[in-house]
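Structure file start_26.cif with mmCIF, C-alpha atoms:
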data_input
loop_
_atom_site.label_atom_id
_atom_site.label_comp_id
_atom_site.auth_asym_id
_atom_site.auth_seq_id
_atom_site.Cartn_x
_atom_site.Cartn_y
_atom_site.Cartn_z
CA MET A 1 -18.92 33.49 7.08
CA LYS A 2 -20.86 32.05 4.15
CA ASN A 3 -18.09 33.01 1.72
CA ILE A 4 -15.41 31.39 3.87
CA PHE A 5 -17.38 28.16 4.04
CA ALA A 6 -17.97 28.19 0.27
CA LYS A 7 -14.24 28.74 -0.36
CA PHE A 8 -13.40 25.87 1.97
CA LEU A 9 -15.74 23.49 0.14
CA SER A 10 -14.42 24.46 -3.30
CA ASP A 11 -10.74 24.18 -2.30
CA GLU A 12 -9.32 20.94 -3.71
CA SER A 13 -5.60 21.59 -3.25
CA GLY A 14 -5.09 18.74 -0.76
CA ALA A 15 -7.17 16.20 -2.67
CA THR A 16 -4.35 15.27 -5.05
CA ALA A 17 -1.93 14.57 -2.21
CA ILE A 18 -4.50 12.37 -0.48
CA GLU A 19 -5.15 10.46 -3.71
CA TYR A 20 -1.43 9.86 -4.24
CA GLY A 21 -1.14 8.69 -0.65
CA LEU A 22 -3.99 6.21 -1.12
CA ILE A 23 -2.45 4.91 -4.33
CA ALA A 24 0.94 4.47 -2.62
CA ALA A 25 -0.72 2.66 0.29
CA GLY A 26 -2.53 0.30 -2.09
CA ILE A 27 0.64 -0.49 -4.00
CA SER A 28 2.58 -1.12 -0.80
CA LEU A 29 -0.12 -3.48 0.49
CA ALA A 30 0.02 -5.41 -2.78
CA ILE A 31 3.81 -5.66 -2.57
CA ILE A 32 3.64 -6.86 1.05
CA ALA A 33 1.10 -9.53 0.12
CA VAL A 34 3.23 -10.80 -2.77
CA VAL A 35 6.42 -10.84 -0.70
CA ASN A 36 4.72 -12.73 2.12
CA GLY A 37 3.40 -15.33 -0.35
CA VAL A 38 6.75 -15.76 -2.08
CA GLY A 39 8.59 -15.81 1.23
CA SER A 40 6.57 -18.68 2.63
CA ASN A 41 6.96 -20.64 -0.61
CA LEU A 42 10.72 -20.08 -0.58
CA SER A 43 10.92 -21.11 3.05
CA ASP A 44 9.13 -24.37 2.25
CA LYS A 45 11.45 -25.02 -0.71
CA PHE A 46 14.60 -24.39 1.34
CA THR A 47 13.31 -26.61 4.13
CA SER A 48 12.64 -29.36 1.61
CA ILE A 49 16.08 -29.00 0.05
CA ASN A 50 17.71 -28.94 3.47
CA SER A 51 15.98 -32.12 4.59
CA SER A 52 16.82 -33.93 1.33
CA LEU A 53 20.51 -33.02 1.66
CA LYS A 54 20.80 -34.52 5.16
#

Go ahead and express the file in the form of structure tokens.
Amino acid sequence: MKNIFAKFLSDESGATAIEYGLIAAGISLAIIAVVNGVGSNLSDKFTSINSSLK
């Protein structure tokens, strides 16, 4: 039982996949934040242009 537990603690095969998943999640959150910021700015610009054309 002690050997099985020691093997389990030393096994790092899933650590890389978890790290890549965390990196992908961080990048996607950054992209979502940028798109939301740009989207609201563009919406304000189009609203301004629309009201000036009327």

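The interatomic distance for the pair CA of Ile31 in chain A and CA of Glu19 in chain A works out to 18.5 Å.
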
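Picture a line from CA of Thr16 in chain A to CA of Lys2 in chain A; it runs 25.3 Å.
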
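Relative to CA of Asn36 in chain A, CA of Leu53 in chain A is found at 25.7 Å.
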